[in-house]
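Colleague: Enclosed is the structure file protein_24.pdb (PDB, C-alpha atoms, pLDDT in the B column).
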ATOM      1  CA  MET S 645      23.387  55.723  -3.066  1.00 81.00           C
ATOM      2  CA  THR S 646      20.362  53.921  -1.734  1.00 90.00           C
ATOM      3  CA  PHE S 647      16.894  54.530  -3.077  1.00 87.00           C
ATOM      4  CA  SER S 648      16.014  56.104   0.256  1.00 90.00           C
ATOM      5  CA  ASP S 649      18.924  58.564  -0.034  1.00 90.00           C
ATOM      6  CA  PHE S 650      17.924  59.380  -3.597  1.00 89.00           C
ATOM      7  CA  ASN S 651      14.310  59.901  -2.582  1.00 89.00           C
ATOM      8  CA  ASN S 652      15.264  62.157   0.320  1.00 92.00           C
ATOM      9  CA  LYS S 653      17.425  64.354  -1.919  1.00 91.00           C
ATOM     10  CA  PHE S 654      14.748  64.435  -4.590  1.00 92.00           C
ATOM     11  CA  GLN S 655      12.041  65.366  -2.074  1.00 93.00           C
ATOM     12  CA  LEU S 656      14.242  68.126  -0.673  1.00 92.00           C
ATOM     13  CA  PHE S 657      14.744  69.533  -4.185  1.00 94.00           C
ATOM     14  CA  VAL S 658      11.013  69.387  -4.934  1.00 93.00           C
ATOM     15  CA  SER S 659      10.072  70.920  -1.577  1.00 93.00           C
ATOM     16  CA  ASP S 660      11.993  74.026  -2.604  1.00 92.00           C
ATOM     17  CA  LEU S 661      11.005  73.899  -6.255  1.00 92.00           C
ATOM     18  CA  ASN S 662      10.120  77.599  -6.490  1.00 91.00           C
ATOM     19  CA  LYS S 663      13.596  78.561  -5.269  1.00 93.00           C
ATOM     20  CA  ASN S 664      15.211  76.063  -7.652  1.00 94.00           C
ATOM     21  CA  MET S 665      13.161  77.427 -10.557  1.00 94.00           C
ATOM     22  CA  GLU S 666      14.292  80.925  -9.607  1.00 94.00           C
ATOM     23  CA  LEU S 667      17.922  79.761  -9.587  1.00 94.00           C
ATOM     24  CA  ALA S 668      17.466  78.206 -13.027  1.00 95.00           C
ATOM     25  CA  VAL S 669      16.028  81.426 -14.449  1.00 95.00           C
ATOM     26  CA  GLN S 670      18.780  83.525 -12.837  1.00 95.00           C
ATOM     27  CA  ALA S 671      21.400  81.250 -14.375  1.00 96.00           C
ATOM     28  CA  ASN S 672      19.791  81.875 -17.782  1.00 97.00           C
ATOM     29  CA  GLU S 673      19.769  85.667 -17.489  1.00 97.00           C
ATOM     30  CA  LYS S 674      22.011  86.264 -20.513  1.00 98.00           C
ATOM     31  CA  PRO S 675      20.189  84.000 -22.983  1.00 98.00           C
ATOM     32  CA  LEU S 676      16.729  85.123 -21.802  1.00 98.00           C
ATOM     33  CA  VAL S 677      17.662  88.792 -22.125  1.00 98.00           C
ATOM     34  CA  GLN S 678      19.163  88.028 -25.537  1.00 98.00           C
ATOM     35  CA  ILE S 679      15.828  86.572 -26.673  1.00 98.00           C
ATOM     36  CA  ASN S 680      14.158  89.853 -25.682  1.00 98.00           C
ATOM     37  CA  ARG S 681      16.854  91.858 -27.512  1.00 98.00           C
ATOM     38  CA  ARG S 682      16.360  89.814 -30.697  1.00 98.00           C
ATOM     39  CA  GLN S 683      12.628  90.494 -30.522  1.00 98.00           C
ATOM     40  CA  MET S 684      13.201  94.228 -30.149  1.00 98.00           C
ATOM     41  CA  GLN S 685      15.644  94.279 -33.027  1.00 98.00           C
ATOM     42  CA  VAL S 686      12.974  92.909 -35.355  1.00 98.00           C
ATOM     43  CA  GLY S 687      10.456  95.371 -33.930  1.00 98.00           C
ATOM     44  CA  LYS S 688       8.397  93.044 -31.704  1.00 98.00           C
ATOM     45  CA  ASN S 689       7.236  93.427 -28.116  1.00 98.00           C
ATOM     46  CA  ALA S 690       6.440  90.739 -25.534  1.00 98.00           C
ATOM     47  CA  GLU S 691       3.079  90.104 -27.188  1.00 98.00           C
ATOM     48  CA  GLY S 692       4.701  89.499 -30.565  1.00 97.00           C
ATOM     49  CA  GLN S 693       3.239  92.744 -31.926  1.00 98.00           C
ATOM     50  CA  ALA S 694       5.037  95.728 -33.470  1.00 98.00           C
ATOM     51  CA  ILE S 695       6.607  97.912 -30.796  1.00 98.00           C
ATOM     52  CA  GLY S 696       5.430 101.019 -32.601  1.00 97.00           C
ATOM     53  CA  ALA S 697       5.898 102.995 -35.776  1.00 97.00           C
ATOM     54  CA  TYR S 698       8.217 105.869 -36.571  1.00 96.00           C
ATOM     55  CA  ARG S 699       6.264 109.001 -37.444  1.00 95.00           C
ATOM     56  CA  SER S 700       9.081 110.343 -39.592  1.00 96.00           C
ATOM     57  CA  ALA S 701       9.699 108.640 -42.930  1.00 96.00           C
ATOM     58  CA  SER S 702      13.177 110.176 -43.065  1.00 97.00           C
ATOM     59  CA  TYR S 703      14.062 108.715 -39.649  1.00 97.00           C
ATOM     60  CA  ALA S 704      12.685 105.326 -40.727  1.00 97.00           C
ATOM     61  CA  LYS S 705      14.888 105.519 -43.829  1.00 97.00           C
ATOM     62  CA  PHE S 706      17.877 106.453 -41.639  1.00 97.00           C
ATOM     63  CA  LYS S 707      17.210 103.419 -39.413  1.00 97.00           C
ATOM     64  CA  LYS S 708      17.045 101.100 -42.430  1.00 97.00           C
ATOM     65  CA  GLN S 709      20.319 102.531 -43.702  1.00 96.00           C
ATOM     66  CA  MET S 710      21.812 101.782 -40.271  1.00 95.00           C
ATOM     67  CA  GLY S 711      20.882  98.143 -40.834  1.00 96.00           C
ATOM     68  CA  SER S 712      17.704  97.842 -38.785  1.00 97.00           C
ATOM     69  CA  LYS S 713      16.244  94.320 -38.960  1.00 97.00           C
ATOM     70  CA  ALA S 714      12.741  95.600 -38.211  1.00 98.00           C
ATOM     71  CA  PRO S 715      10.299  96.183 -41.049  1.00 97.00           C
ATOM     72  CA  TYR S 716      10.337  99.681 -42.537  1.00 97.00           C
ATOM     73  CA  ARG S 717       8.984 102.292 -40.078  1.00 97.00           C
ATOM     74  CA  VAL S 718       8.749  99.749 -37.213  1.00 98.00           C
ATOM     75  CA  VAL S 719      10.529 100.774 -33.999  1.00 98.00           C
ATOM     76  CA  ASP S 720      13.446  98.539 -32.949  1.00 98.00           C
ATOM     77  CA  LEU S 721      14.640 100.446 -29.843  1.00 97.00           C
ATOM     78  CA  LEU S 722      18.232 100.291 -31.096  1.00 97.00           C
ATOM     79  CA  LEU S 723      20.253 103.385 -31.887  1.00 95.00           C
ATOM     80  CA  THR S 724      23.413 103.604 -29.781  1.00 95.00           C
ATOM     81  CA  GLY S 725      22.879 100.163 -28.251  1.00 96.00           C
ATOM     82  CA  ASN S 726      23.032 101.385 -24.650  1.00 97.00           C
ATOM     83  CA  PHE S 727      19.372 100.742 -23.853  1.00 98.00           C
ATOM     84  CA  GLN S 728      19.564  97.098 -24.947  1.00 98.00           C
ATOM     85  CA  LYS S 729      23.063  96.626 -23.534  1.00 98.00           C
ATOM     86  CA  GLU S 730      21.754  97.652 -20.093  1.00 98.00           C
ATOM     87  CA  MET S 731      18.933  95.083 -20.098  1.00 98.00           C
ATOM     88  CA  ILE S 732      18.833  92.807 -17.066  1.00 98.00           C
ATOM     89  CA  LEU S 733      16.636  90.096 -15.628  1.00 97.00           C
ATOM     90  CA  GLU S 734      15.143  90.240 -12.133  1.00 95.00           C
ATOM     91  CA  THR S 735      13.486  87.302 -10.411  1.00 92.00           C
ATOM     92  CA  ASP S 736      10.796  87.240  -7.767  1.00 81.00           C
ATOM     93  CA  ASP S 737       9.972  83.759  -6.476  1.00 68.00           C
ATOM     94  CA  ARG S 738       8.236  82.112  -9.461  1.00 69.00           C
ATOM     95  CA  ASP S 739       8.232  85.096 -11.791  1.00 85.00           C
ATOM     96  CA  TYR S 740      10.849  87.054 -13.662  1.00 91.00           C
ATOM     97  CA  GLN S 741      10.951  90.301 -15.526  1.00 95.00           C
ATOM     98  CA  ILE S 742      13.322  91.878 -17.964  1.00 97.00           C
ATOM     99  CA  LEU S 743      14.102  95.581 -17.799  1.00 97.00           C
ATOM    100  CA  SER S 744      16.836  98.040 -18.630  1.00 98.00           C
ATOM    101  CA  THR S 745      18.856 100.186 -16.270  1.00 98.00           C
ATOM    102  CA  ASP S 746      19.548 102.711 -19.042  1.00 98.00           C
ATOM    103  CA  ASP S 747      18.499 106.329 -18.468  1.00 97.00           C
ATOM    104  CA  LYS S 748      16.106 106.209 -21.447  1.00 97.00           C
ATOM    105  CA  THR S 749      14.062 103.341 -20.024  1.00 97.00           C
ATOM    106  CA  ASP S 750      11.292 105.390 -18.401  1.00 97.00           C
ATOM    107  CA  ASP S 751      10.835 107.464 -21.543  1.00 97.00           C
ATOM    108  CA  LEU S 752      10.738 104.407 -23.804  1.00 97.00           C
ATOM    109  CA  VAL S 753       8.310 102.546 -21.536  1.00 97.00           C
ATOM    110  CA  SER S 754       6.123 105.645 -21.391  1.00 97.00           C
ATOM    111  CA  LYS S 755       6.164 105.937 -25.172  1.00 97.00           C
ATOM    112  CA  TYR S 756       5.911 102.254 -26.195  1.00 97.00           C
ATOM    113  CA  GLY S 757       4.537 100.456 -23.129  1.00 97.00           C
ATOM    114  CA  GLU S 758       5.880  98.046 -20.536  1.00 96.00           C
ATOM    115  CA  ASN S 759       5.395  95.151 -22.930  1.00 97.00           C
ATOM    116  CA  ILE S 760       8.609  96.075 -24.733  1.00 98.00           C
ATOM    117  CA  PHE S 761      10.140  93.776 -22.109  1.00 98.00           C
ATOM    118  CA  GLY S 762       9.396  90.068 -21.970  1.00 97.00           C
ATOM    119  CA  ILE S 763       9.361  86.964 -24.099  1.00 97.00           C
ATOM    120  CA  ALA S 764       6.946  86.914 -27.031  1.00 98.00           C
ATOM    121  CA  PRO S 765       4.685  83.876 -27.506  1.00 98.00           C
ATOM    122  CA  GLU S 766       6.711  82.619 -30.475  1.00 97.00           C
ATOM    123  CA  ASN S 767       9.844  82.559 -28.277  1.00 98.00           C
ATOM    124  CA  LYS S 768       8.367  81.081 -25.097  1.00 97.00           C
ATOM    125  CA  THR S 769       9.228  77.519 -26.152  1.00 98.00           C
ATOM    126  CA  GLU S 770      12.897  78.480 -26.520  1.00 98.00           C
ATOM    127  CA  ALA S 771      12.922  80.219 -23.122  1.00 97.00           C
ATOM    128  CA  GLN S 772      11.124  77.328 -21.462  1.00 96.00           C
ATOM    129  CA  ALA S 773      13.597  74.827 -22.942  1.00 98.00           C
ATOM    130  CA  LEU S 774      16.515  76.842 -21.546  1.00 97.00           C
ATOM    131  CA  ASN S 775      14.952  76.965 -18.094  1.00 96.00           C
ATOM    132  CA  THR S 776      13.932  73.310 -18.102  1.00 97.00           C
ATOM    133  CA  LYS S 777      17.440  72.242 -19.080  1.00 98.00           C
ATOM    134  CA  LYS S 778      18.980  74.353 -16.304  1.00 97.00           C
ATOM    135  CA  LEU S 779      16.443  73.035 -13.759  1.00 96.00           C
ATOM    136  CA  ALA S 780      17.344  69.472 -14.764  1.00 97.00           C
ATOM    137  CA  GLU S 781      21.034  70.283 -14.274  1.00 97.00           C
ATOM    138  CA  LEU S 782      20.272  71.632 -10.799  1.00 97.00           C
ATOM    139  CA  LEU S 783      18.269  68.514  -9.989  1.00 96.00           C
ATOM    140  CA  LYS S 784      21.084  66.256 -11.185  1.00 95.00           C
ATOM    141  CA  LYS S 785      23.544  68.147  -9.000  1.00 95.00           C
ATOM    142  CA  ALA S 786      21.193  68.028  -5.993  1.00 94.00           C
ATOM    143  CA  ILE S 787      20.713  64.250  -6.115  1.00 91.00           C
ATOM    144  CA  ALA S 788      24.342  63.403  -6.887  1.00 89.00           C
TER     145      ALA S 788
END
Spell out the structure here as structure tokens.

Modeller:
Amino acid sequence: MTFSDFNNKFQLFVSDLNKNMELAVQANEKPLVQINRRQMQVGKNAEGQAIGAYRSASYAKFKKQMGSKAPYRVVDLLLTGNFQKEMILETDDRDYQILSTDDKTDDLVSKYGENIFGIAPENKTEAQALNTKKLAELLKKAIA
């Protein structure tokens, strides 16, 4: 491949960078959603704060006995597993959001806030590394 060919392919990739970034994020749906699940399971929202607190001490004890990884009385949004199992990632040009298609979603968002979904600051480096790696793979494929 000549330098000119390489440059043309590279410029084409860069000219549609937003679309390529979206493709990279879409390809990382499972690991990005898993990061959000891990946060929830330790009781953290997208801001790295506690999701909420259980009002009932007996329910908090029940959750701990179930094996909750969250601190005592901190909500982890995990009981049957359906809510977290139904989590998906949606992309919109240069942005993405995580949500759940489970029936309980509206109630949980109403109770605990929309920030139950998303990547907390302490996990952004991990998410960014995943997306950067995938973007580099797409670039490599585009200029091959």

Colleague: Find the residues near segment 707-711 of chain S: any atom within 12 Å, counting all atoms listed in the file, skip ones fewer than 3 places away on the same chain, and give them as an MDAnalysis selection string.

Modeller: chainID S and resid 685:687 697:698 700:704 714:724

Colleague: For each of S:Ile742, S:Ile732, S:Ala780, S:Ile679, take the minimum atom-to-atom distance to Glu766 of chain S, counting only C-alpha atoms, then give the residue where this is smallest.

Modeller: S:Ile679

Colleague: List as a PDB file with C-alpha atoms, in the frame of the given file the protein and nucleic acid residues near Val658 of chain S, meaning an atom at most 12 Å away when all atoms listed in the file are counted, but skip any in the same chain fewer than 3 places from it.

Modeller:
ATOM      1  CA  ASN S 651      14.310  59.901  -2.582  1.00 89.00           C
ATOM      2  CA  ASN S 652      15.264  62.157   0.320  1.00 92.00           C
ATOM      3  CA  LYS S 653      17.425  64.354  -1.919  1.00 91.00           C
ATOM      4  CA  PHE S 654      14.748  64.435  -4.590  1.00 92.00           C
ATOM      5  CA  GLN S 655      12.041  65.366  -2.074  1.00 93.00           C
ATOM      6  CA  LEU S 661      11.005  73.899  -6.255  1.00 92.00           C
ATOM      7  CA  ASN S 662      10.120  77.599  -6.490  1.00 91.00           C
ATOM      8  CA  LYS S 663      13.596  78.561  -5.269  1.00 93.00           C
ATOM      9  CA  ASN S 664      15.211  76.063  -7.652  1.00 94.00           C
ATOM     10  CA  MET S 665      13.161  77.427 -10.557  1.00 94.00           C
ATOM     11  CA  LEU S 779      16.443  73.035 -13.759  1.00 96.00           C
ATOM     12  CA  ALA S 780      17.344  69.472 -14.764  1.00 97.00           C
ATOM     13  CA  LEU S 782      20.272  71.632 -10.799  1.00 97.00           C
ATOM     14  CA  LEU S 783      18.269  68.514  -9.989  1.00 96.00           C
ATOM     15  CA  ALA S 786      21.193  68.028  -5.993  1.00 94.00           C
ATOM     16  CA  ILE S 787      20.713  64.250  -6.115  1.00 91.00           C
TER      17      ILE S 787
END

Colleague: Between atom CA of Glu781 of chain S and atom CA of Ala668 of chain S, what is the distance, to one decimal in Å?

Modeller: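 Calculated distance between atom CA of Glu781 of chain S and atom CA of Ala668 of chain S is 8.8 Å.
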
Colleague: Give me the residues near segment 749-752 of chain S as number ranges by chain, where near means some atom within 10 Å (using all atoms listed in the file) and where sequence neighbours in that chain fewer than 4 positions away do not count.

Modeller: S: 721, 727-728, 730-731, 743-745, 756-758, 760

Colleague: Ranking S:Asn726, S:Asn775, S:Gln741, S:Ser648 by minimum distance to Gly762 of chain S and counting all atoms listed in the file, which one comes first?

Modeller: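 Using all atoms listed in the file, the shortest distance to Gly762 of chain S belongs to S:Gln741.
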
Colleague: Compare S:Met645, S:Lys785, S:Lys748, S:Tyr740 by their minimum atom-to-atom distance to Gln670 of chain S, counting all atoms listed in the file, and give me the closest one.

Modeller: S:Tyr740

Colleague: Calculated over all atoms listed in the file, which of the candidates S:Asn672, S:Thr769, S:Ser659, S:Thr646 has the smallest distance to Leu733 of chain S?

Modeller: S:Asn672

Colleague: For a quick check of understanding, using all atoms listed in the file, which of S:Leu676, S:Ala694, S:Leu667, S:Leu656 has the smallest distance to Leu774 of chain S?

Modeller: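 Looking at the shortest contact to Leu774 of chain S, the residue is S:Leu676.
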
Colleague: Mind pulling up the distance from atom CA of Thr735 of chain S to atom CA of Glu691 of chain S?

Modeller: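 Those two atoms sit 19.9 Å apart.
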
Colleague: How many Å separate atom CA of Asn689 of chain S from atom CA of Lys713 of chain S?

Modeller: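 Pair atom CA of Asn689 of chain S / atom CA of Lys713 of chain S returns 14.1 Å.
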
Colleague: When you count all atoms listed in the file, which of these residues is closest to Gly692 of chain S: S:Lys729, S:Lys777, S:Lys784, S:Lys768?

Modeller: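 With all atoms listed in the file as the atom set, the closest residue is S:Lys768.
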
Colleague: So that I can check the surroundings of Asn767 of chain S, please list as an MDAnalysis selection string every protein, DNA and RNA residue that reaches within 9 Å of it, counting only C-alpha atoms and ignoring chain neighbours fewer than 4 positions away.

Modeller: chainID S and resid 679:680 683 692 763 771:772
